[in-house]
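Trainee: Okay, handing you the structure first.
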Amino acid sequence: MNSALLLMLVPLVGGLTAYVVWPRNPRLATLSGALTSGVLALLALWLPVGEPIRLLGFEIPVDQAFTILGREFIFETSGRPALVFLHLAGTFLFAGTLAVPMRRLFIPTSLSILGAMAAALFVRPFLYAAIFLALSAAAFGGILSDPRHSRSRGALRLLVFVVLGMPFILLAGSQLSLSGQIPSELDQLNRILVLLGIGFAFLMALPPFHFWVVDIADDSPPYAVAFVLTLFQGASLFFLLRFLAEFAWLRTIPQVHQAFGVAGAAMCLMGGILALIQNRLGRLTGYAAMANMGVILLALSSGTEAGTEAALVMLALRGLSLGVWGVALTVLRQRHPQDALTDLRGRAKEQPLASMAVVIAGLSLAGLPGLAGFSGHWATLQVLGAPATPTNYAPLLAIAGSMIACELAYLRFASAMLAGAGRLTFRREEGRMPALFLGAGMLMLILLGLLPQLVLPFIARSAILFGNLSLP
Amino acid sequence: MESVLGIAGLALVLLGSVAVFLLRTWRWALVAFAVQSLGIGLVALTIVALPIALSETLTGWLVSGILALTLRREGMGSAEISVIPPGWLFRALLALMILVTALALLPDLGGALNDPPGPVTLAAVVLMAFGVLGLGLNEQPLRVGVALITTLQGFELAYLWSERSLLVIALLAAVHLTIVLSVIYMSAVTRQSLEEDVQA
């Protein structure tokens, strides 16, 4: 048995099964998708690396590497946390489609994308991961457009920006291999850093390449948007972390960490300010997600292990918030397709649960104290605030400013939804499954906000597996 | 022999990419795209073995073929629009500017691409420039897809100089085909939605 091959092929087989089963029983197809992803998460967690499996007295040999067209794909311990995260997030998001039915292509395409992301983690040299990410971005077109969401502007921009980013990373990689990993000439070092900077700016949706985030949040099915913003941006972040882990000399260059800081602060400020002036709920979440990614980059800019832990905590909780937001906005749009501020007036009376969930999930994404998303923001503030020197004030202010701005923006929408609602009657108009998912989602967001110690140590511990990312 | 192939390929790349950029009729634009792909194969032949160069051309032809079949089914291939569209002078001037800029920047750009031979650098830079220009000037998914693939073809040509891994070549071909399928899907969804709106 080959663990890397298994973890790459099972998603494809699962996707094909879901596609075949769908016409007869969509619910079964959805369950099979969630189950496949769940089993893959368990496999990624438990499969031994380089040791045989002992089962009922038998020994099953497990290879961790295989070769395609002269290049190796290796499943290593350092890849575990990323793979577990991607598949757990996939399980959660696939299960959510029981509440908001998606189209037939959603589960097969998404599972194939998970397979491509696994390949991105296994491929050697790891720089080729950029090609798998481009492949994923191209496949996202299949889930980000449907006849009810026919504007493909966001999906097209995602495709264009990610595919344009790939060449810069590959070119930087080829220059690194020419220079024997550590560039000795200043000109060459600068060229590599510029190429990497542009490549990752495209990949991580840094301004001015952030438009696709806002456009898909506005144009595409909300649940597919949650999938992309959680899994694709998660995979891009893991790629960045791996880059820093593999090229240790990059971490010795102070400008690299400064670049993370500047980019993160810019994303926080831009996301916060633009979130405040949005009149459509989708676009608001696009900017809130952008500010959230800014906080993650700021956490990484600290150059400490605690910073990496904070970034991973942010990433995990962002997925939970976006999943609940995706279900809630889909339910809201099922009744009225528009989500402008004026269209949402008084909606809390018609759809109380979905209205409440969309606001709570948004506030969690923005980092409101008492909700799940706050833990990551607080951890980042602590990492960046120690020691408390005047030079640390700028990133702290950027994070605090973006949190306040995004929270005010969501409260503005909450106020509109409540306008004229009078005494709310909790009619269950959302249907049983959406109501169950929204209720459970809100409960988790509040529970993890109040008792973050329940899961955060597990997430934070996984940062160790990315290697020592702190400044040498 | 190699230099003759390189110059012939470069001429086809220039002709094809300018034509793809200028022509609005899909049928002729796809023929130009196929010519451009043939040129890429010829230029690639000066730095890599025949099978790899052939795969570059075949991928381009496959992309043209898939697009041609789709457009034929949708009845768009022979749309009643002029071969030379309005605003052609603007586009022609832009194309001229791109060519002049590419020639002027050639020595500097070679370094970033790991210094491939002259015809390879020029063909790669021209393709990337026309591709990026096409991305900026088009909003229709199919046109954006063609422009994106043109950009990627330019990069691939230059990248072949420093990286000849079969896996990378196969993966990049897969990226081309996934892009085409993705933009065809987006285009079909937009079209279906418009038809439903008209019926409603």
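A note on labels: chains of the structure tokens are A, B, ... as shown, every chain counts residues from 1, and ligands are counted from 1 in their shown order.
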Write out, as JSON lines, each residue of chain B that has an atom at most 10 Å from chain A, together with the closest pair of atoms and their distance in Å to one decimal, counting only C-alpha atoms, rows going by chain and rising number.
Mentor:
{"residue": "B:Gly111", "atom": "CA", "partner": "A:Arg191", "partner_atom": "CA", "distance": 9.3}
{"residue": "B:Ala112", "atom": "CA", "partner": "A:Arg191", "partner_atom": "CA", "distance": 7.4}
{"residue": "B:Leu113", "atom": "CA", "partner": "A:Leu171", "partner_atom": "CA", "distance": 7.0}
{"residue": "B:Asn114", "atom": "CA", "partner": "A:Gln175", "partner_atom": "CA", "distance": 7.1}
{"residue": "B:Val132", "atom": "CA", "partner": "A:Leu164", "partner_atom": "CA", "distance": 9.2}
{"residue": "B:Leu135", "atom": "CA", "partner": "A:Val160", "partner_atom": "CA", "distance": 8.2}
{"residue": "B:Glu139", "atom": "CA", "partner": "A:Arg153", "partner_atom": "CA", "distance": 7.9}
{"residue": "B:Gln140", "atom": "CA", "partner": "A:Arg153", "partner_atom": "CA", "distance": 9.1}
{"residue": "B:Pro141", "atom": "CA", "partner": "A:Leu156", "partner_atom": "CA", "distance": 7.0}
{"residue": "B:Val144", "atom": "CA", "partner": "A:Leu156", "partner_atom": "CA", "distance": 7.9}
{"residue": "B:Gly145", "atom": "CA", "partner": "A:Val160", "partner_atom": "CA", "distance": 8.5}
{"residue": "B:Ala147", "atom": "CA", "partner": "A:Val160", "partner_atom": "CA", "distance": 9.6}
{"residue": "B:Leu148", "atom": "CA", "partner": "A:Val160", "partner_atom": "CA", "distance": 6.7}
{"residue": "B:Ile149", "atom": "CA", "partner": "A:Val163", "partner_atom": "CA", "distance": 9.3}
{"residue": "B:Thr151", "atom": "CA", "partner": "A:Leu164", "partner_atom": "CA", "distance": 8.1}
{"residue": "B:Leu152", "atom": "CA", "partner": "A:Leu164", "partner_atom": "CA", "distance": 7.8}
{"residue": "B:Phe155", "atom": "CA", "partner": "A:Pro167", "partner_atom": "CA", "distance": 6.6}
{"residue": "B:Glu156", "atom": "CA", "partner": "A:Pro167", "partner_atom": "CA", "distance": 8.4}
{"residue": "B:Ala158", "atom": "CA", "partner": "A:Leu171", "partner_atom": "CA", "distance": 9.4}
{"residue": "B:Tyr159", "atom": "CA", "partner": "A:Leu171", "partner_atom": "CA", "distance": 7.3}
{"residue": "B:Ser162", "atom": "CA", "partner": "A:Ser174", "partner_atom": "CA", "distance": 6.7}
{"residue": "B:Glu163", "atom": "CA", "partner": "A:Ser174", "partner_atom": "CA", "distance": 7.3}
{"residue": "B:Ser165", "atom": "CA", "partner": "A:Gly70", "partner_atom": "CA", "distance": 7.5}
{"residue": "B:Leu166", "atom": "CA", "partner": "A:Leu69", "partner_atom": "CA", "distance": 5.8}
{"residue": "B:Leu167", "atom": "CA", "partner": "A:Leu69", "partner_atom": "CA", "distance": 5.2}
{"residue": "B:Val168", "atom": "CA", "partner": "A:Tyr128", "partner_atom": "CA", "distance": 7.5}
{"residue": "B:Ile169", "atom": "CA", "partner": "A:Leu69", "partner_atom": "CA", "distance": 9.9}
{"residue": "B:Ala170", "atom": "CA", "partner": "A:Leu69", "partner_atom": "CA", "distance": 8.8}
{"residue": "B:Leu171", "atom": "CA", "partner": "A:Ile131", "partner_atom": "CA", "distance": 7.0}
{"residue": "B:Leu172", "atom": "CA", "partner": "A:Ile131", "partner_atom": "CA", "distance": 7.1}
{"residue": "B:Ala174", "atom": "CA", "partner": "A:Leu135", "partner_atom": "CA", "distance": 7.5}
{"residue": "B:Val175", "atom": "CA", "partner": "A:Leu135", "partner_atom": "CA", "distance": 5.3}
{"residue": "B:His176", "atom": "CA", "partner": "A:Leu135", "partner_atom": "CA", "distance": 8.8}
{"residue": "B:Leu177", "atom": "CA", "partner": "A:Ala138", "partner_atom": "CA", "distance": 9.2}
{"residue": "B:Thr178", "atom": "CA", "partner": "A:Ala138", "partner_atom": "CA", "distance": 5.8}
{"residue": "B:Ile179", "atom": "CA", "partner": "A:Ala138", "partner_atom": "CA", "distance": 5.3}
{"residue": "B:Val180", "atom": "CA", "partner": "A:Ala138", "partner_atom": "CA", "distance": 8.7}
{"residue": "B:Leu181", "atom": "CA", "partner": "A:Ala139", "partner_atom": "CA", "distance": 8.5}
{"residue": "B:Ser182", "atom": "CA", "partner": "A:Gly141", "partner_atom": "CA", "distance": 5.3}
{"residue": "B:Val183", "atom": "CA", "partner": "A:Gly141", "partner_atom": "CA", "distance": 7.3}
{"residue": "B:Ile184", "atom": "CA", "partner": "A:Gly141", "partner_atom": "CA", "distance": 9.6}
{"residue": "B:Tyr185", "atom": "CA", "partner": "A:Gly142", "partner_atom": "CA", "distance": 6.9}
{"residue": "B:Met186", "atom": "CA", "partner": "A:Ser152", "partner_atom": "CA", "distance": 6.2}
{"residue": "B:Ser187", "atom": "CA", "partner": "A:Ser152", "partner_atom": "CA", "distance": 8.2}
{"residue": "B:Ala188", "atom": "CA", "partner": "A:Pro147", "partner_atom": "CA", "distance": 9.1}
{"residue": "B:Val189", "atom": "CA", "partner": "A:Pro147", "partner_atom": "CA", "distance": 5.4}
{"residue": "B:Thr190", "atom": "CA", "partner": "A:Ser150", "partner_atom": "CA", "distance": 5.0}
{"residue": "B:Arg191", "atom": "CA", "partner": "A:Ser150", "partner_atom": "CA", "distance": 8.4}
{"residue": "B:Gln192", "atom": "CA", "partner": "A:Pro147", "partner_atom": "CA", "distance": 6.8}
{"residue": "B:Ser193", "atom": "CA", "partner": "A:Pro147", "partner_atom": "CA", "distance": 5.4}
{"residue": "B:Leu194", "atom": "CA", "partner": "A:Ser150", "partner_atom": "CA", "distance": 8.7}
{"residue": "B:Glu196", "atom": "CA", "partner": "A:Pro147", "partner_atom": "CA", "distance": 9.1}
Trainee: Take the residues just selected and output them with N, CA and C atoms as a short mmCIF file (atom, residue, chain, number, x, y, z; two decimals), in the first residue's frame.
Mentor:
data_model
loop_
_atom_site.label_atom_id
_atom_site.label_comp_id
_atom_site.auth_asym_id
_atom_site.auth_seq_id
_atom_site.Cartn_x
_atom_site.Cartn_y
_atom_site.Cartn_z
N GLY B 111 17.26 37.92 -18.33
CA GLY B 111 17.81 37.55 -17.03
C GLY B 111 16.76 36.93 -16.12
N ALA B 112 15.58 37.54 -16.11
CA ALA B 112 14.51 37.02 -15.25
C ALA B 112 14.06 35.64 -15.70
N LEU B 113 14.26 35.34 -17.00
CA LEU B 113 13.82 34.04 -17.52
C LEU B 113 14.99 33.05 -17.62
N ASN B 114 16.07 33.33 -16.91
CA ASN B 114 17.27 32.48 -16.89
C ASN B 114 18.01 32.45 -18.23
N VAL B 132 -1.44 39.06 -21.52
CA VAL B 132 -1.84 39.97 -20.43
C VAL B 132 -2.71 41.11 -20.98
N LEU B 135 -6.09 39.83 -21.43
CA LEU B 135 -6.79 39.70 -20.15
C LEU B 135 -7.38 41.04 -19.72
N GLU B 139 -13.71 40.64 -21.18
CA GLU B 139 -14.45 40.21 -19.99
C GLU B 139 -15.15 38.89 -20.24
N GLN B 140 -15.36 38.56 -21.52
CA GLN B 140 -16.08 37.34 -21.86
C GLN B 140 -15.21 36.13 -21.48
N PRO B 141 -15.80 35.15 -20.74
CA PRO B 141 -14.99 34.03 -20.24
C PRO B 141 -14.13 33.34 -21.29
N VAL B 144 -11.21 35.51 -22.22
CA VAL B 144 -10.27 35.57 -21.09
C VAL B 144 -9.47 34.26 -21.04
N GLY B 145 -10.16 33.14 -21.27
CA GLY B 145 -9.49 31.84 -21.26
C GLY B 145 -8.39 31.76 -22.30
N ALA B 147 -6.79 34.27 -23.68
CA ALA B 147 -5.71 35.19 -23.30
C ALA B 147 -4.85 34.58 -22.19
N LEU B 148 -5.51 33.93 -21.23
CA LEU B 148 -4.76 33.34 -20.11
C LEU B 148 -3.87 32.20 -20.61
N ILE B 149 -4.40 31.42 -21.51
CA ILE B 149 -3.59 30.30 -22.04
C ILE B 149 -2.42 30.84 -22.87
N THR B 151 -0.84 33.63 -22.31
CA THR B 151 0.16 34.07 -21.33
C THR B 151 0.95 32.87 -20.81
N LEU B 152 0.21 31.81 -20.49
CA LEU B 152 0.83 30.61 -19.93
C LEU B 152 1.75 29.94 -20.95
N PHE B 155 5.02 31.74 -20.90
CA PHE B 155 5.82 31.36 -19.73
C PHE B 155 6.42 29.97 -19.93
N GLU B 156 5.60 29.05 -20.42
CA GLU B 156 6.06 27.66 -20.60
C GLU B 156 7.27 27.60 -21.52
N ALA B 158 9.51 29.86 -22.10
CA ALA B 158 10.73 30.31 -21.42
C ALA B 158 11.16 29.32 -20.35
N TYR B 159 10.18 28.72 -19.69
CA TYR B 159 10.47 27.81 -18.57
C TYR B 159 11.12 26.52 -19.05
N SER B 162 14.87 26.18 -18.57
CA SER B 162 15.51 25.80 -17.30
C SER B 162 14.90 24.54 -16.68
N GLU B 163 13.72 24.14 -17.11
CA GLU B 163 13.06 22.99 -16.47
C GLU B 163 12.43 22.12 -17.55
N SER B 165 11.20 18.92 -16.90
CA SER B 165 10.57 17.78 -16.24
C SER B 165 9.29 17.40 -16.99
N LEU B 166 9.15 16.11 -17.26
CA LEU B 166 7.95 15.65 -17.98
C LEU B 166 6.71 15.89 -17.14
N LEU B 167 6.86 15.75 -15.81
CA LEU B 167 5.70 15.95 -14.93
C LEU B 167 5.19 17.39 -15.05
N VAL B 168 6.14 18.35 -15.06
CA VAL B 168 5.74 19.76 -15.16
C VAL B 168 5.04 20.01 -16.50
N ILE B 169 5.58 19.44 -17.57
CA ILE B 169 4.98 19.65 -18.89
C ILE B 169 3.57 19.05 -18.92
N ALA B 170 3.42 17.86 -18.34
CA ALA B 170 2.10 17.23 -18.30
C ALA B 170 1.13 18.03 -17.44
N LEU B 171 1.62 18.50 -16.29
CA LEU B 171 0.74 19.26 -15.39
C LEU B 171 0.31 20.59 -16.02
N LEU B 172 1.26 21.25 -16.71
CA LEU B 172 0.89 22.52 -17.35
C LEU B 172 -0.12 22.28 -18.48
N ALA B 174 -2.31 19.94 -18.38
CA ALA B 174 -3.57 19.72 -17.65
C ALA B 174 -4.18 21.05 -17.21
N VAL B 175 -3.31 21.99 -16.82
CA VAL B 175 -3.82 23.32 -16.42
C VAL B 175 -4.51 23.98 -17.62
N HIS B 176 -3.90 23.91 -18.81
CA HIS B 176 -4.48 24.49 -20.03
C HIS B 176 -5.88 23.92 -20.26
N LEU B 177 -5.97 22.59 -20.21
CA LEU B 177 -7.25 21.94 -20.53
C LEU B 177 -8.30 22.26 -19.46
N THR B 178 -7.86 22.31 -18.18
CA THR B 178 -8.84 22.65 -17.13
C THR B 178 -9.32 24.08 -17.29
N ILE B 179 -8.41 24.98 -17.68
CA ILE B 179 -8.82 26.38 -17.91
C ILE B 179 -9.89 26.42 -19.01
N VAL B 180 -9.64 25.70 -20.10
CA VAL B 180 -10.60 25.72 -21.22
C VAL B 180 -11.96 25.18 -20.76
N LEU B 181 -11.94 24.05 -20.07
CA LEU B 181 -13.22 23.48 -19.63
C LEU B 181 -13.94 24.43 -18.67
N SER B 182 -13.15 25.06 -17.80
CA SER B 182 -13.74 25.96 -16.82
C SER B 182 -14.39 27.18 -17.50
N VAL B 183 -13.69 27.79 -18.46
CA VAL B 183 -14.27 28.98 -19.11
C VAL B 183 -15.46 28.58 -20.00
N ILE B 184 -15.41 27.38 -20.58
CA ILE B 184 -16.56 26.93 -21.38
C ILE B 184 -17.78 26.77 -20.46
N TYR B 185 -17.55 26.20 -19.28
CA TYR B 185 -18.65 26.02 -18.33
C TYR B 185 -19.22 27.38 -17.91
N MET B 186 -18.32 28.31 -17.58
CA MET B 186 -18.80 29.64 -17.16
C MET B 186 -19.57 30.32 -18.28
N SER B 187 -19.07 30.17 -19.48
CA SER B 187 -19.73 30.79 -20.63
C SER B 187 -21.12 30.17 -20.84
N ALA B 188 -21.19 28.83 -20.69
CA ALA B 188 -22.47 28.14 -20.89
C ALA B 188 -23.48 28.57 -19.83
N VAL B 189 -23.01 28.72 -18.59
CA VAL B 189 -23.90 29.13 -17.49
C VAL B 189 -24.45 30.54 -17.76
N THR B 190 -23.56 31.44 -18.19
CA THR B 190 -23.99 32.81 -18.49
C THR B 190 -25.03 32.80 -19.61
N ARG B 191 -24.76 32.01 -20.64
CA ARG B 191 -25.65 31.92 -21.80
C ARG B 191 -27.01 31.36 -21.41
N GLN B 192 -26.98 30.30 -20.60
CA GLN B 192 -28.23 29.67 -20.16
C GLN B 192 -29.07 30.66 -19.35
N SER B 193 -28.38 31.39 -18.48
CA SER B 193 -29.08 32.36 -17.64
C SER B 193 -29.71 33.47 -18.49
N LEU B 194 -28.97 33.92 -19.51
CA LEU B 194 -29.49 34.97 -20.39
C LEU B 194 -30.72 34.46 -21.15
N GLU B 196 -32.77 32.12 -20.20
CA GLU B 196 -33.90 32.02 -19.26
C GLU B 196 -34.52 33.38 -19.00
#
Trainee: Would you list the contacts of Phe209 in chain A as an mmCIF file with C-alpha atoms, in the first residue's frame, taking every protein, DNA or RNA residue within 10 Å and counting only C-alpha atoms, but skipping same-chain residues closer than 4 positions in sequence?
Mentor:
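Heads up, here's the output in part_27.cif:
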data_model
loop_
_atom_site.group_PDB
_atom_site.id
_atom_site.type_symbol
_atom_site.label_atom_id
_atom_site.label_comp_id
_atom_site.auth_asym_id
_atom_site.auth_seq_id
_atom_site.Cartn_x
_atom_site.Cartn_y
_atom_site.Cartn_z
ATOM 1 C CA ARG A 157 -10.567 36.675 -11.568
ATOM 2 C CA LEU A 158 -9.645 33.872 -9.170
ATOM 3 C CA PHE A 161 -4.812 35.780 -10.608
ATOM 4 C CA VAL A 162 -3.828 32.319 -9.378
ATOM 5 C CA GLY A 165 0.929 33.899 -9.816
ATOM 6 C CA ILE A 198 4.654 38.894 -6.710
ATOM 7 C CA ALA A 201 0.755 38.346 -3.663
ATOM 8 C CA PHE A 202 -1.307 36.784 -6.473
ATOM 9 C CA LEU A 203 -1.826 33.535 -4.584
ATOM 10 C CA MET A 204 -2.733 35.015 -1.200
ATOM 11 C CA ALA A 205 -4.966 37.727 -2.741
ATOM 12 C CA VAL A 213 -12.245 37.484 -2.953
#
Trainee: Using only C-alpha atoms, can you tell me which of B:Leu30, B:Ala95, B:Leu10, B:Leu122 comes closest to Thr70 in chain B?
Mentor: B:Leu30
Trainee: Quick one: pull the distance between CA of Ala173 in chain B and CA of Gly115 in chain A, Å, one decimal.
Mentor: 18.0 Å
Trainee: Could you check which of A:Ala394, A:Leu445, A:Met356, A:Ile399 is closest to Ser415 in chain A, using only C-alpha atoms?
Mentor: A:Met356
Trainee: State, in Å with one decimal place, the distance from CA of Val262 in chain A to CA of His210 in chain A.
Mentor: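 Value for the CA of Val262 in chain A-CA of His210 in chain A distance: 15.2 Å.
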Trainee: Please identify all polymer residues within 12 Å of Pro23 in chain A, counting only C-alpha atoms, omitting same-chain residues fewer than 5 positions from it, and present them as JSON, numbers by chain.
Mentor: {"A": [17, 18, 28, 29, 30, 103, 104, 105]}
Trainee: Would you return as an NGL selection string the members of range 180-368 of chain A that DSSP assigns to alpha helix (DSSP H) on this structure's backbone?
Mentor: :A and (186-203 or 211-219 or 222-227 or 233-246 or 254-276 or 281-301 or 305-335 or 347-350 or 352-366)
Trainee: In Å, with one decimal, what is the gap from CA of Gly323 in chain A to CA of Gly14 in chain A?
Mentor: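 CA of Gly323 in chain A sits 21.5 Å away from CA of Gly14 in chain A.
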Trainee: Skip Leu371 in chain A itself and residues of its chain fewer than 3 positions away, then list as a ChimeraX atom specification all residues within 12 Å of it, counting only C-alpha atoms.
Mentor: /A:317-318,320-321,359-368,374-378,407,441-452
Trainee: Using only C-alpha atoms, which of the listed residues (A:Val21, A:Ala65, A:Leu45, A:Leu196) sits closest to Asn2 in chain A?
Mentor: A:Ala65
Trainee: In terms of the shortest atom-to-atom distance over only C-alpha atoms, which of B:Val126, B:Gly118, B:Gln153, B:Leu14 is closest to Ser55 in chain B?
Mentor: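 The answer is B:Gln153, which sits nearest to Ser55 in chain B.
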